[in-house]
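K.L.:
Encoded as structure tokens, here's the structure I'll be asking about.
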Amino acid sequence: MSVFIRAGAFLLALPVLSASNLPTIVRTALAALIAALVAPGLPPAPPIPDFWSSIGRMISEALVGLSLGFTARLVFGAFELAGQLVTSELGLNMSAVLNPIASVPQQAPGTILYLLAAMLLFTLDLHHWLLAGFARSYTLVPIGAAQLQEGLLEHLVRQSSQMFVVALQMTAPVLSITFTVTLVFAMLGRVVPQMDVFSASFAIRIAAGLTVFGMTLPLVAEHMANGLRRMPDDLIRVAQWLGGP
């Protein structure tokens, strides 16, 4: 039961598989399948003396699973932030569409990046490595042995700050071209005061930004692949912090 709870909490926070349009029965069946595959290789769990201890163990296992899933979600958070930066720079904030995986309204660049990340996750077979990292967590954090430490919070804060670095690296070409267009039209506005700089620059900034965004998608995909490949290692680091000194 403890393995099922950790697996269920892990899938509940894991990107793509935590989508609201994924039926709950499918997520439950996946958690049960993972538990059935992992549980036979684990040593016997310590006995539970009373009812309240069993409740505490269930909560502890759920928190471990949520922590591992949240670590993987931070990587996708960087991709979503990159999409928001592109949207803000191009002035496409009103063009929201429904993201079929996240099931939330999202602008077109963010939806494209999210779908690209989801495709790379399964194409590169990284979902199997995530499951391997989850199974490894029982070696580092045995059932009922999780400990909350100050270092874990510091590690999660560092991972969260890394989101902004990755997002800026992915969107640097688009930010550069929009800044250049804005600078050029600002100079034209000083030279030709009668020119409607805002209206003229708006269309050109969108066209130039979308062109660069499309041309740099292969480079963006490489950044995504590097971030996704680090996800199993990030899970193991969090499990090490949860396992105690």
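Here's how to read the names in the structure tokens: chain A, B, ... by the order shown, residue numbers from 1 in each chain, ligand numbers from 1 in the order shown.
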Enumerate as a PyMOL selection string all residues of segment 13-217 of chain A assigned to helix (DSSP H, G or I) by DSSP on the backbone, naming them with the chain letters and numbers the document uses.

P.N.:
chain A and resi 13+24-41+51-90+108-123+126-140+150-191+197-215+217

K.L.:
Write out, as a short mmCIF file (atom, residue, chain, number, x, y, z; two decimals), in the first residue's frame, the residues just selected, with C-alpha atoms.

P.N.:
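Result written to part.cif:
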```cif
data_model
loop_
_atom_site.label_atom_id
_atom_site.label_comp_id
_atom_site.auth_asym_id
_atom_site.auth_seq_id
_atom_site.Cartn_x
_atom_site.Cartn_y
_atom_site.Cartn_z
CA ALA A 13 2.65 15.79 -9.80
CA THR A 24 -8.26 9.14 -12.99
CA ILE A 25 -8.74 5.41 -13.48
CA VAL A 26 -5.82 5.39 -15.95
CA ARG A 27 -3.55 7.21 -13.50
CA THR A 28 -4.64 4.85 -10.72
CA ALA A 29 -3.96 1.82 -12.90
CA LEU A 30 -0.49 3.16 -13.77
CA ALA A 31 0.27 3.71 -10.07
CA ALA A 32 -0.90 0.18 -9.28
CA LEU A 33 1.25 -1.23 -12.12
CA ILE A 34 4.33 0.65 -10.90
CA ALA A 35 3.70 -0.54 -7.35
CA ALA A 36 3.32 -4.13 -8.54
CA LEU A 37 6.64 -3.93 -10.41
CA VAL A 38 8.60 -2.17 -7.66
CA ALA A 39 7.24 -3.76 -4.48
CA PRO A 40 8.61 -7.32 -4.98
CA GLY A 41 12.21 -6.05 -5.02
CA PHE A 51 -3.41 3.34 13.48
CA TRP A 52 -1.97 6.85 13.78
CA SER A 53 1.46 5.60 12.81
CA SER A 54 -0.02 4.11 9.65
CA ILE A 55 -1.63 7.47 8.83
CA GLY A 56 1.70 9.20 9.37
CA ARG A 57 3.46 6.74 7.08
CA MET A 58 0.87 7.25 4.35
CA ILE A 59 1.29 11.04 4.57
CA SER A 60 5.08 10.67 4.54
CA GLU A 61 5.01 8.49 1.41
CA ALA A 62 2.62 10.88 -0.31
CA LEU A 63 4.95 13.81 0.42
CA VAL A 64 7.93 11.88 -0.96
CA GLY A 65 6.06 11.13 -4.17
CA LEU A 66 4.91 14.73 -4.53
CA SER A 67 8.46 16.00 -3.95
CA LEU A 68 9.83 13.75 -6.68
CA GLY A 69 7.09 14.74 -9.11
CA PHE A 70 7.51 18.43 -8.30
CA THR A 71 11.20 18.16 -9.16
CA ALA A 72 10.30 16.90 -12.63
CA ARG A 73 7.64 19.60 -12.97
CA LEU A 74 10.25 22.33 -12.44
CA VAL A 75 11.88 21.35 -15.74
CA PHE A 76 8.60 21.82 -17.60
CA GLY A 77 8.11 25.06 -15.69
CA ALA A 78 11.17 26.46 -17.46
CA PHE A 79 9.61 25.63 -20.84
CA GLU A 80 6.32 27.26 -19.87
CA LEU A 81 8.18 30.35 -18.67
CA ALA A 82 10.05 30.51 -22.00
CA GLY A 83 6.72 30.46 -23.83
CA GLN A 84 5.42 33.29 -21.65
CA LEU A 85 8.52 35.37 -22.38
CA VAL A 86 8.10 34.91 -26.12
CA THR A 87 4.41 35.76 -25.88
CA SER A 88 5.08 38.90 -23.87
CA GLU A 89 7.81 40.11 -26.22
CA LEU A 90 5.68 39.58 -29.32
CA ALA A 108 0.46 29.64 -28.89
CA PRO A 109 4.25 29.81 -28.26
CA GLY A 110 3.86 28.27 -24.80
CA THR A 111 1.62 25.51 -26.16
CA ILE A 112 4.13 24.74 -28.93
CA LEU A 113 7.00 24.47 -26.43
CA TYR A 114 4.96 22.35 -24.01
CA LEU A 115 3.91 19.90 -26.73
CA LEU A 116 7.49 19.77 -28.04
CA ALA A 117 8.78 18.95 -24.54
CA ALA A 118 6.14 16.24 -24.08
CA MET A 119 7.06 14.71 -27.45
CA LEU A 120 10.77 14.74 -26.59
CA LEU A 121 10.08 13.15 -23.20
CA PHE A 122 8.60 10.05 -24.81
CA THR A 123 10.69 10.07 -27.99
CA LEU A 126 13.12 9.43 -20.77
CA HIS A 127 9.85 8.34 -19.15
CA HIS A 128 11.49 4.95 -18.54
CA TRP A 129 14.46 6.66 -16.92
CA LEU A 130 12.07 8.61 -14.71
CA LEU A 131 10.50 5.35 -13.57
CA ALA A 132 13.98 3.94 -12.95
CA GLY A 133 14.80 7.00 -10.85
CA PHE A 134 11.55 6.52 -8.93
CA ALA A 135 12.45 2.89 -8.23
CA ARG A 136 15.93 4.00 -7.11
CA SER A 137 14.30 6.36 -4.60
CA TYR A 138 13.42 3.37 -2.39
CA THR A 139 17.11 2.62 -2.00
CA LEU A 140 17.76 6.18 -0.84
CA GLU A 150 16.80 22.41 5.38
CA GLY A 151 19.12 21.42 2.55
CA LEU A 152 16.16 20.05 0.59
CA LEU A 153 14.46 23.45 0.58
CA GLU A 154 17.67 25.14 -0.54
CA HIS A 155 18.06 22.58 -3.33
CA LEU A 156 14.50 23.18 -4.57
CA VAL A 157 15.05 26.95 -4.49
CA ARG A 158 18.20 26.55 -6.60
CA GLN A 159 16.31 24.36 -9.04
CA SER A 160 13.53 26.95 -9.24
CA SER A 161 16.02 29.75 -9.95
CA GLN A 162 17.56 27.60 -12.68
CA MET A 163 14.19 27.77 -14.46
CA PHE A 164 14.77 31.44 -15.30
CA VAL A 165 18.28 30.76 -16.63
CA VAL A 166 17.03 27.99 -18.94
CA ALA A 167 14.07 30.10 -20.09
CA LEU A 168 16.35 33.03 -20.96
CA GLN A 169 18.74 30.75 -22.85
CA MET A 170 15.86 29.35 -24.91
CA THR A 171 14.34 32.74 -25.70
CA ALA A 172 17.56 34.76 -26.15
CA PRO A 173 17.31 34.91 -29.99
CA VAL A 174 13.71 36.16 -29.88
CA LEU A 175 14.49 38.69 -27.16
CA SER A 176 17.46 39.93 -29.18
CA ILE A 177 15.51 40.45 -32.40
CA THR A 178 12.59 42.19 -30.67
CA PHE A 179 15.02 44.48 -28.83
CA THR A 180 16.75 45.30 -32.12
CA VAL A 181 13.45 46.10 -33.85
CA THR A 182 12.37 48.30 -30.94
CA LEU A 183 15.71 50.12 -30.95
CA VAL A 184 15.60 50.73 -34.71
CA PHE A 185 12.08 52.13 -34.62
CA ALA A 186 12.93 54.26 -31.59
CA MET A 187 15.71 55.85 -33.63
CA LEU A 188 13.36 56.29 -36.60
CA GLY A 189 10.89 57.98 -34.30
CA ARG A 190 13.49 60.55 -33.38
CA VAL A 191 14.49 61.10 -37.01
CA VAL A 197 6.35 54.20 -34.58
CA PHE A 198 4.14 52.00 -32.44
CA SER A 199 1.80 50.87 -35.21
CA ALA A 200 4.62 50.36 -37.70
CA SER A 201 6.86 48.43 -35.32
CA PHE A 202 4.15 46.17 -33.95
CA ALA A 203 3.63 44.11 -37.11
CA ILE A 204 7.35 43.96 -37.93
CA ARG A 205 8.23 42.88 -34.38
CA ILE A 206 5.68 40.05 -34.53
CA ALA A 207 6.83 38.90 -37.98
CA ALA A 208 10.53 39.04 -37.09
CA GLY A 209 9.97 37.39 -33.69
CA LEU A 210 7.90 34.51 -35.08
CA THR A 211 10.43 33.98 -37.88
CA VAL A 212 13.32 33.74 -35.43
CA PHE A 213 11.22 31.61 -33.07
CA GLY A 214 10.55 29.10 -35.84
CA MET A 215 14.14 29.08 -37.08
CA LEU A 217 13.21 25.66 -32.62
#
```

K.L.:
Please indicate the distance in Å from atom CA of Ser2 of chain A to atom CA of Pro15 of chain A, rounded to one decimal place.

P.N.:
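Between atom CA of Ser2 of chain A and atom CA of Pro15 of chain A the gap is 22.0 Å.
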
K.L.:
Give the answer as one residue: which of A:Ala19, A:Leu12, A:Ile5, A:Leu124 has the shortest atom-to-atom distance to Ala221 of chain A, using only C-alpha atoms?

P.N.:
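Using only C-alpha atoms, the shortest distance to Ala221 of chain A belongs to A:Leu124.
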
K.L.:
Please indicate the distance in Å from atom CA of Ala146 of chain A to atom CA of Gly243 of chain A, rounded to one decimal place.

P.N.:
5.4 Å

K.L.:
For atom CA of Val3 of chain A and atom CA of Ile143 of chain A, determine how far apart the two atoms are, in Å to one decimal place.

P.N.:
7.9 Å

K.L.:
So, counting only C-alpha atoms, which residue among A:Val192, A:Leu14, A:Leu242, A:Val220 is closest to Gln149 of chain A?

P.N.:
A:Leu242
